[in-house]
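Shown next: upload-v6.cif, containing mmCIF, C-alpha atoms.
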data_data
#
loop_
_atom_site.label_atom_id
_atom_site.label_comp_id
_atom_site.auth_asym_id
_atom_site.auth_seq_id
_atom_site.Cartn_x
_atom_site.Cartn_y
_atom_site.Cartn_z
CA MET P 1 3.61 22.02 -14.97
CA ASN P 2 0.92 19.45 -15.55
CA ASP P 3 -2.72 20.03 -14.71
CA THR P 4 -3.90 18.90 -11.30
CA THR P 5 -6.26 16.15 -12.35
CA SER P 6 -8.43 14.10 -10.02
CA LEU P 7 -8.83 10.40 -9.49
CA PRO P 8 -12.34 8.99 -9.93
CA GLU P 9 -14.64 10.02 -7.10
CA LYS P 10 -14.65 7.55 -4.20
CA ASP P 11 -16.39 9.51 -1.44
CA LEU P 12 -18.83 7.80 0.91
CA PRO P 13 -22.17 9.36 1.80
CA PRO P 14 -22.61 10.98 5.25
CA GLY P 15 -22.52 8.45 8.08
CA ARG P 16 -21.15 5.69 5.87
CA HIS P 17 -17.61 5.93 7.32
CA SER P 18 -18.86 4.99 10.79
CA HIS P 19 -20.97 2.14 9.46
CA LEU P 20 -18.09 0.77 7.40
CA LYS P 21 -15.72 0.97 10.34
CA GLU P 22 -18.09 -1.02 12.56
CA HIS P 23 -18.59 -3.63 9.85
CA LEU P 24 -14.85 -4.06 9.28
CA MET P 25 -14.16 -4.23 13.00
CA ARG P 26 -16.53 -7.19 13.17
CA GLU P 27 -14.91 -8.74 10.10
CA ILE P 28 -11.48 -8.64 11.71
CA ARG P 29 -12.54 -9.68 15.19
CA GLN P 30 -14.79 -12.61 14.33
CA ILE P 31 -14.18 -16.00 12.79
CA PRO P 32 -15.98 -16.11 9.42
CA VAL P 33 -19.57 -17.27 9.49
CA PRO P 34 -19.89 -20.29 7.15
CA GLU P 35 -21.94 -19.74 4.04
CA GLU P 36 -25.28 -21.44 3.76
CA GLY P 37 -24.81 -25.15 3.17
CA GLN P 38 -21.29 -25.14 4.55
CA ALA P 39 -20.29 -26.86 7.78
CA LYS P 40 -18.98 -24.60 10.50
CA SER P 41 -15.24 -24.55 10.70
CA GLY P 42 -12.42 -22.79 12.46
CA ARG P 43 -10.86 -21.58 9.23
CA ARG P 44 -8.80 -18.46 9.61
CA ARG P 45 -9.61 -15.11 8.15
CA LYS P 46 -6.97 -13.47 6.00
CA TRP P 47 -6.15 -9.92 7.02
CA LEU P 48 -6.66 -8.16 3.73
CA ARG P 49 -6.38 -4.52 4.55
CA PRO P 50 -6.41 -3.20 0.99
CA ALA P 51 -3.15 -1.43 0.39
CA VAL P 52 -5.14 -0.16 -2.56
CA ALA P 53 -7.88 1.59 -0.60
CA GLY P 54 -8.63 5.12 -1.68
CA PRO P 55 -7.95 7.89 0.83
CA ALA P 56 -11.68 8.38 1.47
CA LEU P 57 -11.73 4.85 2.91
CA ALA P 58 -8.31 4.87 4.52
CA GLY P 59 -9.47 5.86 7.99
CA ALA P 60 -12.20 3.25 8.28
CA LEU P 61 -10.05 0.50 6.86
CA ALA P 62 -7.10 1.31 9.08
CA LEU P 63 -9.26 1.24 12.19
CA ALA P 64 -10.32 -2.28 11.29
CA VAL P 65 -6.83 -3.67 11.07
CA VAL P 66 -5.83 -4.32 14.64
CA ALA P 67 -9.07 -4.35 16.57
CA GLY P 68 -8.71 -3.83 20.28
CA ILE P 69 -5.53 -1.74 20.08
CA ALA P 70 -5.69 1.24 22.40
CA MET P 71 -5.48 4.67 20.82
CA THR P 72 -2.27 6.51 21.72
CA GLY P 73 -0.24 9.39 20.44
CA SER P 74 0.99 9.03 16.87
CA ASP P 75 4.50 9.80 18.05
CA GLY P 76 4.67 6.28 19.45
CA SER P 77 4.80 7.44 23.08
CA ALA P 78 3.87 4.88 25.72
CA THR P 79 4.03 2.10 23.15
CA PRO P 80 5.94 -1.10 23.85
CA VAL P 81 9.17 -2.10 22.19
CA GLY P 82 9.10 -5.48 20.48
CA ARG P 83 11.32 -8.39 21.41
CA GLU P 84 14.98 -8.37 20.48
CA GLY P 85 16.27 -10.19 17.47
CA ARG P 86 17.07 -9.81 13.80
CA ALA P 87 14.54 -8.10 11.59
CA THR P 88 12.79 -10.49 9.21
CA TYR P 89 10.06 -10.12 6.62
CA ALA P 90 7.56 -11.21 9.32
CA PHE P 91 8.79 -9.30 12.37
CA ALA P 92 10.28 -5.91 13.20
CA PRO P 93 12.18 -6.14 16.49
CA GLU P 94 12.42 -3.09 18.70
CA VAL P 95 9.38 -1.60 17.01
CA ASN P 96 8.80 2.01 18.13
CA GLY P 97 12.42 2.18 19.17
CA ASP P 98 13.75 1.66 15.66
CA THR P 99 12.83 4.94 13.97
CA THR P 100 14.89 8.07 13.35
CA GLY P 101 14.44 11.48 11.81
CA GLY P 102 15.80 12.55 8.47
CA ALA P 103 12.85 11.51 6.30
CA ALA P 104 12.86 14.80 4.40
CA GLY P 105 16.50 14.43 3.40
CA LEU P 106 16.09 10.77 2.45
CA LEU P 107 13.02 11.48 0.32
CA ASP P 108 14.82 14.34 -1.40
CA ARG P 109 17.62 11.94 -2.38
CA ILE P 110 15.05 9.40 -3.55
CA ALA P 111 13.40 12.13 -5.64
CA THR P 112 16.73 12.93 -7.29
CA VAL P 113 17.11 9.26 -8.27
CA ALA P 114 13.53 9.14 -9.57
CA ALA P 115 14.12 12.21 -11.74
CA ARG P 116 17.05 10.44 -13.42
CA SER P 117 15.03 7.34 -14.28
CA PRO P 118 14.69 6.57 -17.99
CA ALA P 119 11.88 8.65 -19.48
CA GLY P 120 8.83 6.88 -20.81
CA GLY P 121 8.60 8.83 -24.06
CA THR P 122 8.83 5.66 -26.13
CA VAL P 123 6.00 3.90 -24.29
CA ARG P 124 3.11 3.29 -26.70
CA ASP P 125 -0.58 3.38 -25.87
CA ASP P 126 -1.06 -0.22 -27.04
CA GLN P 127 1.55 -1.61 -24.63
CA PHE P 128 1.19 -2.85 -21.05
CA VAL P 129 3.03 -2.04 -17.83
CA TYR P 130 4.13 -5.27 -16.13
CA VAL P 131 4.86 -5.48 -12.39
CA ARG P 132 5.96 -8.66 -10.63
CA SER P 133 5.95 -8.79 -6.84
CA THR P 134 5.88 -11.07 -3.84
CA VAL P 135 3.11 -10.46 -1.32
CA SER P 136 1.84 -11.79 1.97
CA ALA P 137 -0.89 -10.88 4.46
CA ALA P 138 -1.51 -12.00 8.02
CA THR P 139 -4.32 -14.11 9.35
CA VAL P 140 -6.27 -12.41 12.13
CA GLY P 141 -9.00 -13.88 14.31
CA GLU P 142 -10.04 -14.46 17.90
CA GLY P 143 -8.32 -17.36 19.59
CA ILE P 144 -5.89 -18.06 16.76
CA GLU P 145 -2.25 -17.27 16.21
CA THR P 146 -1.55 -14.21 14.09
CA LYS P 147 1.10 -14.87 11.49
CA LEU P 148 1.85 -14.10 7.88
CA ALA P 149 0.87 -16.53 5.19
CA ALA P 150 3.65 -17.89 3.02
CA PRO P 151 4.71 -15.21 0.51
CA HIS P 152 3.45 -15.82 -3.01
CA ARG P 153 3.87 -14.31 -6.47
CA ARG P 154 1.66 -11.56 -7.83
CA GLU P 155 1.82 -10.34 -11.45
CA VAL P 156 -0.18 -7.55 -13.01
CA TRP P 157 -0.39 -6.19 -16.55
CA LEU P 158 -1.87 -2.67 -16.86
CA SER P 159 -2.86 -1.00 -20.12
CA VAL P 160 -0.65 2.02 -20.77
CA ASP P 161 -3.56 4.25 -21.79
CA GLY P 162 -6.26 2.53 -19.73
CA THR P 163 -8.47 1.65 -22.68
CA ARG P 164 -8.01 -2.15 -22.61
CA PRO P 165 -8.55 -4.79 -19.92
CA GLY P 166 -5.59 -5.62 -17.76
CA LEU P 167 -4.59 -8.94 -16.27
CA LEU P 168 -3.89 -10.06 -12.71
CA ARG P 169 -2.27 -13.37 -11.86
CA GLU P 170 -1.80 -14.37 -8.23
CA PRO P 171 -1.39 -18.17 -8.04
CA GLY P 172 -1.91 -19.30 -4.50
CA GLY P 173 -3.14 -15.86 -3.49
CA HIS P 174 -6.55 -14.81 -2.28
CA LEU P 175 -7.60 -13.82 -5.80
CA GLY P 176 -6.33 -16.91 -7.60
CA SER P 177 -5.55 -16.37 -11.28
CA GLN P 178 -8.02 -14.27 -13.21
CA ALA P 179 -8.33 -11.77 -16.02
CA LEU P 180 -9.61 -8.30 -15.27
CA GLU P 181 -12.64 -7.11 -17.17
CA ARG P 182 -11.17 -3.64 -17.18
CA ASP P 183 -8.12 -1.83 -15.91
CA PRO P 184 -7.85 -1.40 -12.14
CA ALA P 185 -9.62 1.77 -11.12
CA PRO P 186 -7.79 3.90 -8.54
CA GLY P 187 -8.95 2.75 -5.12
CA GLU P 188 -10.57 -0.46 -6.38
CA PRO P 189 -10.06 -3.17 -3.72
CA GLY P 190 -7.98 -6.11 -4.82
CA TYR P 191 -6.54 -4.78 -8.04
CA GLY P 192 -4.15 -1.99 -7.12
CA GLN P 193 -4.48 1.76 -6.80
CA SER P 194 -2.17 2.54 -9.69
CA ALA P 195 -3.62 4.74 -12.38
CA ASN P 196 -2.61 3.98 -15.94
CA TYR P 197 0.63 5.47 -17.22
CA ARG P 198 -1.03 8.13 -19.35
CA HIS P 199 -3.02 9.36 -16.38
CA LEU P 200 0.09 9.48 -14.22
CA GLN P 201 1.69 11.70 -16.86
CA THR P 202 -1.01 14.32 -16.22
CA LEU P 203 -0.21 14.68 -12.51
CA PRO P 204 1.65 17.72 -11.17
CA THR P 205 5.41 17.96 -11.57
CA ASP P 206 5.74 20.89 -9.16
CA THR P 207 6.22 19.91 -5.52
CA ASP P 208 3.70 22.37 -4.07
CA ALA P 209 1.08 21.43 -6.65
CA MET P 210 1.66 17.72 -6.06
CA LEU P 211 1.23 18.08 -2.30
CA LYS P 212 -1.96 20.06 -2.84
CA TRP P 213 -3.23 17.39 -5.22
CA LEU P 214 -2.43 14.58 -2.77
CA ARG P 215 -4.24 16.32 0.05
CA ALA P 216 -7.28 16.96 -2.15
CA GLN P 217 -7.86 13.32 -3.05
CA GLY P 218 -9.24 12.27 0.33
CA GLY P 219 -12.63 13.86 -0.30
CA SER P 220 -14.84 15.01 2.56
CA GLY P 221 -14.37 13.75 6.09
CA GLY P 222 -14.78 16.84 8.21
CA SER P 223 -12.80 17.06 11.42
CA LYS P 224 -12.22 13.30 11.43
CA ARG P 225 -10.19 13.38 8.25
CA ASN P 226 -6.40 13.52 8.44
CA PRO P 227 -5.02 14.88 5.13
CA ASP P 228 -1.43 13.94 6.03
CA GLN P 229 -2.34 10.31 6.62
CA ASP P 230 -4.46 10.16 3.47
CA ALA P 231 -1.65 11.72 1.44
CA PHE P 232 0.96 9.25 2.72
CA VAL P 233 -1.26 6.25 1.97
CA LEU P 234 -1.94 7.58 -1.52
CA VAL P 235 1.79 8.02 -2.22
CA GLY P 236 2.36 4.35 -1.47
CA ASN P 237 -0.66 3.18 -3.42
CA LEU P 238 0.39 5.08 -6.51
CA LEU P 239 3.92 3.67 -6.39
CA LYS P 240 3.36 -0.02 -5.75
CA GLU P 241 1.97 -1.21 -9.07
CA SER P 242 2.77 1.38 -11.71
CA LEU P 243 5.42 2.82 -13.97
CA MET P 244 5.95 6.32 -12.65
CA PRO P 245 6.97 9.10 -15.07
CA PRO P 246 10.32 10.48 -13.82
CA ASP P 247 9.23 14.10 -13.32
CA VAL P 248 5.99 13.08 -11.63
CA GLY P 249 7.81 10.59 -9.41
CA ALA P 250 10.30 13.23 -8.31
CA ALA P 251 7.48 15.61 -7.40
CA LEU P 252 5.68 12.80 -5.55
CA PHE P 253 8.68 12.04 -3.33
CA ARG P 254 9.42 15.71 -2.65
CA ALA P 255 5.79 16.24 -1.71
CA ALA P 256 5.98 13.21 0.61
CA ALA P 257 8.96 14.86 2.31
CA ARG P 258 6.61 17.64 3.42
CA ILE P 259 4.03 15.33 5.01
CA LYS P 260 4.12 15.69 8.78
CA GLY P 261 4.95 12.68 10.90
CA VAL P 262 7.03 10.74 8.37
CA VAL P 263 10.05 8.98 9.93
CA VAL P 264 12.88 6.70 8.81
CA VAL P 265 13.23 3.00 9.70
CA PRO P 266 16.93 2.26 9.03
CA ASP P 267 16.44 -1.52 8.80
CA ALA P 268 13.24 -2.67 7.10
CA VAL P 269 12.75 -6.01 5.35
CA ASN P 270 10.52 -6.64 2.34
CA ALA P 271 8.51 -9.78 1.56
CA ASP P 272 11.47 -11.31 -0.26
CA GLY P 273 13.74 -10.99 2.79
CA ARG P 274 15.70 -8.08 1.35
CA HIS P 275 16.87 -5.43 3.79
CA GLY P 276 16.51 -1.74 3.01
CA VAL P 277 15.63 1.61 4.50
CA ALA P 278 12.03 2.70 4.89
CA VAL P 279 10.08 5.91 5.16
CA ALA P 280 7.18 5.30 7.50
CA ARG P 281 4.24 6.92 9.24
CA TYR P 282 2.26 5.89 12.30
CA ASP P 283 -1.33 5.59 11.16
CA ALA P 284 -3.23 8.65 12.38
CA TYR P 285 -6.51 6.75 12.37
CA ASN P 286 -5.04 3.83 14.26
CA PRO P 287 -1.75 4.44 16.10
CA GLY P 288 -1.42 0.69 16.54
CA LEU P 289 -0.20 0.44 12.96
CA ARG P 290 2.84 1.74 11.07
CA ASP P 291 2.93 1.91 7.27
CA GLU P 292 6.32 1.69 5.54
CA LEU P 293 7.68 2.16 2.02
CA ILE P 294 10.97 0.28 1.68
CA PHE P 295 13.86 1.39 -0.55
CA ASP P 296 17.17 -0.20 -1.45
CA SER P 297 19.81 1.46 0.71
CA GLY P 298 22.19 1.84 -2.21
CA SER P 299 20.11 2.53 -5.32
CA LEU P 300 17.21 4.14 -3.41
CA ARG P 301 14.73 2.29 -5.64
CA LEU P 302 11.43 1.14 -4.14
CA ILE P 303 11.72 -2.55 -3.23
CA GLY P 304 8.55 -3.11 -1.24
CA SER P 305 6.29 -2.12 1.60
CA ARG P 306 4.95 -3.43 4.88
CA SER P 307 2.48 -2.63 7.66
CA VAL P 308 3.68 -3.33 11.20
CA ALA P 309 1.71 -3.65 14.43
CA THR P 310 3.15 -1.24 16.98
CA ARG P 311 1.04 -2.29 19.96
CA ALA P 312 0.24 -5.73 21.35
CA THR P 313 -3.21 -7.29 21.64
CA ASP P 314 -4.31 -10.73 22.79
CA SER P 315 -3.40 -12.20 19.40
CA ILE P 316 -0.94 -9.68 17.94
CA GLU P 317 2.58 -9.00 19.17
CA ALA P 318 4.15 -5.59 18.91
CA GLY P 319 6.47 -5.77 15.95
CA GLN P 320 4.51 -8.30 13.93
CA VAL P 321 4.26 -7.55 10.23
CA LEU P 322 0.64 -7.69 9.13
CA SER P 323 1.14 -7.24 5.41
CA THR P 324 4.21 -7.03 3.21
CA SER P 325 5.30 -6.90 -0.41
CA ALA P 326 8.45 -6.98 -2.49
CA VAL P 327 8.65 -5.30 -5.88
CA LEU P 328 10.75 -7.62 -8.04
CA GLU P 329 10.36 -6.36 -11.60
CA ARG P 330 8.80 -3.52 -13.61
CA ALA P 331 8.78 -3.38 -17.39
CA VAL P 332 6.80 -2.40 -20.46
CA VAL P 333 5.67 -5.35 -22.60
CA GLU P 334 3.88 -5.69 -25.92
CA THR P 335 0.87 -7.71 -24.75
CA LYS P 336 -0.78 -8.67 -21.48
CA GLY P 337 0.28 -12.07 -20.24
CA ARG P 338 3.77 -11.69 -21.74
CA ARG P 339 6.73 -11.41 -19.39
CA PRO P 340 9.85 -9.33 -20.08
#
Whole structure, structure tokens version:
Amino acid sequence: MNDTTSLPEKDLPPGRHSHLKEHLMREIRQIPVPEEGQAKSGRRRKWLRPAVAGPALAGALALAVVAGIAMTGSDGSATPVGREGRATYAFAPEVNGDTTGGAAGLLDRIATVAARSPAGGTVRDDQFVYVRSTVSAATVGEGIETKLAAPHRREVWLSVDGTRPGLLREPGGHLGSQALERDPAPGEPGYGQSANYRHLQTLPTDTDAMLKWLRAQGGSGGSKRNPDQDAFVLVGNLLKESLMPPDVGAALFRAAARIKGVVVVPDAVNADGRHGVAVARYDAYNPGLRDELIFDSGSLRLIGSRSVATRATDSIEAGQVLSTSAVLERAVVETKGRRP
């Protein structure tokens, strides 16, 4: 079994969680203040809840997502069901009435598939992991309509051993097209949570050890911390932009099967409009949000993710998708900037 290594420390000092939450609540609820020298405008604010946020920040960030949503039980009780209709990449009809049990069994089958994935023994340190995806995030602000932006391409090249700068290209996205000065650090906003491939190879391959490791990454938080929520968020963040070693991936999914509160959404749609089955969890820090990892119903490969509003506000409808992605391609390439 591999050693239980730690991600770089991302804890906040005492009292900082509350301050950050209040700041982000204002960021979501207010129209942006123009910078000095700029004319005031009604431009919309992109909802950029970092799917890459480290577990130590997960609570504060989640609370900022759908400001004004009443806190309710994480089981979805007393929450409205969305309007009827066909599920699309932007809307999940019948939200809160569209989940079932069976997450443990589904994740066990997904783990079996992951364990049979081609091993990465031939991956060299001087190569790069390439991930191509489609992403979209909603615009949130007072007095404006909440809707997803048009989906756009995102490409990332990550150094296999983490010793060389990576590259992120997101034409038309909020980051534009830019080179990274270094590889994305786990939990670094904007660049992905994925650790480099060599680091992922050091993670536990035993289910119990993996679950313990996941729960330990959230840092301190006292009674306000929810290890199950932090662990589920971390599972998704590690999977989205990475090449997962087969034995580590299998342990990750089997550990996720033991996280309390995980449910199945039989019909979930990724950012590319592809239907699949999702494992999901109502956000413990903000029950007005549901996080989903979407898998192909046949191959059980990860095909994307989404975050769905489960309660209505003045500007958000229950069932609206607030962020979404579609994983289109993963490969190992010789140099950054080169496509498979």
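The smallest atom-to-atom distance between P:Leu203 and any of P:Leu243, P:Leu252, P:Arg290, P:Pro165, using only C-alpha atoms, is found for P:Leu252.
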> Using all atoms listed in the file, which of P:Val113, P:Leu214, P:Leu167, P:Ala138 sits nearest P:Asp247?
Replying inline: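 Ranking P:Val113, P:Leu214, P:Leu167, P:Ala138 by distance to P:Asp247, first place goes to P:Val113.
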>> One number please: atom CA of P:Gly85 to atom CA of P:Thr313, in Å, one decimal.
In response: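 For atom CA of P:Gly85 relative to atom CA of P:Thr313, the distance reads 20.1 Å.
Those residues that approach stretch 86-99 of chain P to within 6 Å, counting all atoms listed in the file, are Val81, Val264, Val265, Val269, Asn270, Ala271, Gly273, Gly319, Gln320 and Val321 of chain P; same-chain residues fewer than 5 positions away are not listed.
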>> Taking 4 positions as the minimum chain separation for residues in the same chain, which residues sit within 6 Å of P:Ala137 when counting all atoms listed in the file? Answer as a list in words.
In response: Trp47, Leu148, Ala149, Leu322 and Ser323 of chain P
>> With 8 Å as the threshold, what does the neighbourhood of (4.1, -18.6, -6.1) contain in terms of residues, counting all atoms listed in the file? Coordinates are those of the file; answer as a PyMOL selection string.
In response: chain P and resi 151-154+170-172
> atom CA of P:Leu200 to atom CA of P:Phe232: how many Å, to one decimal?
Replying inline: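 A separation of 17.0 Å between them.
Between atom CA of P:Arg274 and atom CA of P:Gly141 the separation is 28.5 Å.
The result of the PyMOL selection byres ((chain P and resi 239) around 10) on the shown file is Gly192, Gln193, Ser194, Ala195, Leu234, Val235, Gly236, Asn237, Leu238, Lys240, Glu241, Ser242, Leu243, Met244, Gly249, Leu252, Leu293, Leu302 and Gly304 of chain P.
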> For P:Thr335, which of P:Arg281, P:Arg258, P:Lys224, P:Arg124 is the closest residue, counting all atoms listed in the file?
Replying inline: P:Arg124
>> I'd like to see the residues matched by the PyMOL selection byres ((chain P and resi 314) around 9) on this file, and ideally I'd get them as a VMD selection string.
In response: chain P and resid 68 142 to 143 312 to 313 315 to 317
> Can you list, as JSON, numbers by chain, the residues that the PyMOL selection byres ((chain P and resi 338) around 12) selects here?
Replying inline: {"P": [127, 128, 129, 130, 131, 132, 155, 156, 157, 158, 166, 167, 168, 169, 331, 332, 333, 334, 335, 336, 337, 339, 340]}
>> Which residue is closest to P:Pro287? Choose from P:Gln229, P:Ser159, P:Ser325, P:Ser299 and count all atoms listed in the file.
In response: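 Selected residue with least distance to P:Pro287: P:Gln229.
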> With only C-alpha atoms as the basis for distance, which of P:Arg301, P:Arg306, P:Arg311, P:Lys260 is at the shortest distance from P:Val135?
Replying inline: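 For P:Val135, the nearest of the candidates is P:Arg306.
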> Closest to P:Pro245 among P:Ala326, P:Ala103, P:Ala115, P:Ile110, using only C-alpha atoms?
Replying inline: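 Distance minimum relative to P:Pro245 lands on P:Ala115.
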Residue contacts of P:Val263 (9 Å, all atoms listed in the file) excluding same-chain residues fewer than 6 positions away, as a PDB file with C-alpha atoms, keeping the file's coordinate frame:
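Result saved to result24.pdb:
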ATOM      1  CA  THR P  99      12.830   4.940  13.970  1.00  0.00           C
ATOM      2  CA  THR P 100      14.890   8.070  13.350  1.00  0.00           C
ATOM      3  CA  GLY P 101      14.440  11.480  11.810  1.00  0.00           C
ATOM      4  CA  GLY P 102      15.800  12.550   8.470  1.00  0.00           C
ATOM      5  CA  ALA P 103      12.850  11.510   6.300  1.00  0.00           C
ATOM      6  CA  ALA P 104      12.860  14.800   4.400  1.00  0.00           C
ATOM      7  CA  ALA P 278      12.030   2.700   4.890  1.00  0.00           C
ATOM      8  CA  VAL P 279      10.080   5.910   5.160  1.00  0.00           C
ATOM      9  CA  ALA P 280       7.180   5.300   7.500  1.00  0.00           C
ATOM     10  CA  ARG P 281       4.240   6.920   9.240  1.00  0.00           C
ATOM     11  CA  TYR P 282       2.260   5.890  12.300  1.00  0.00           C
TER      12      TYR P 282
END
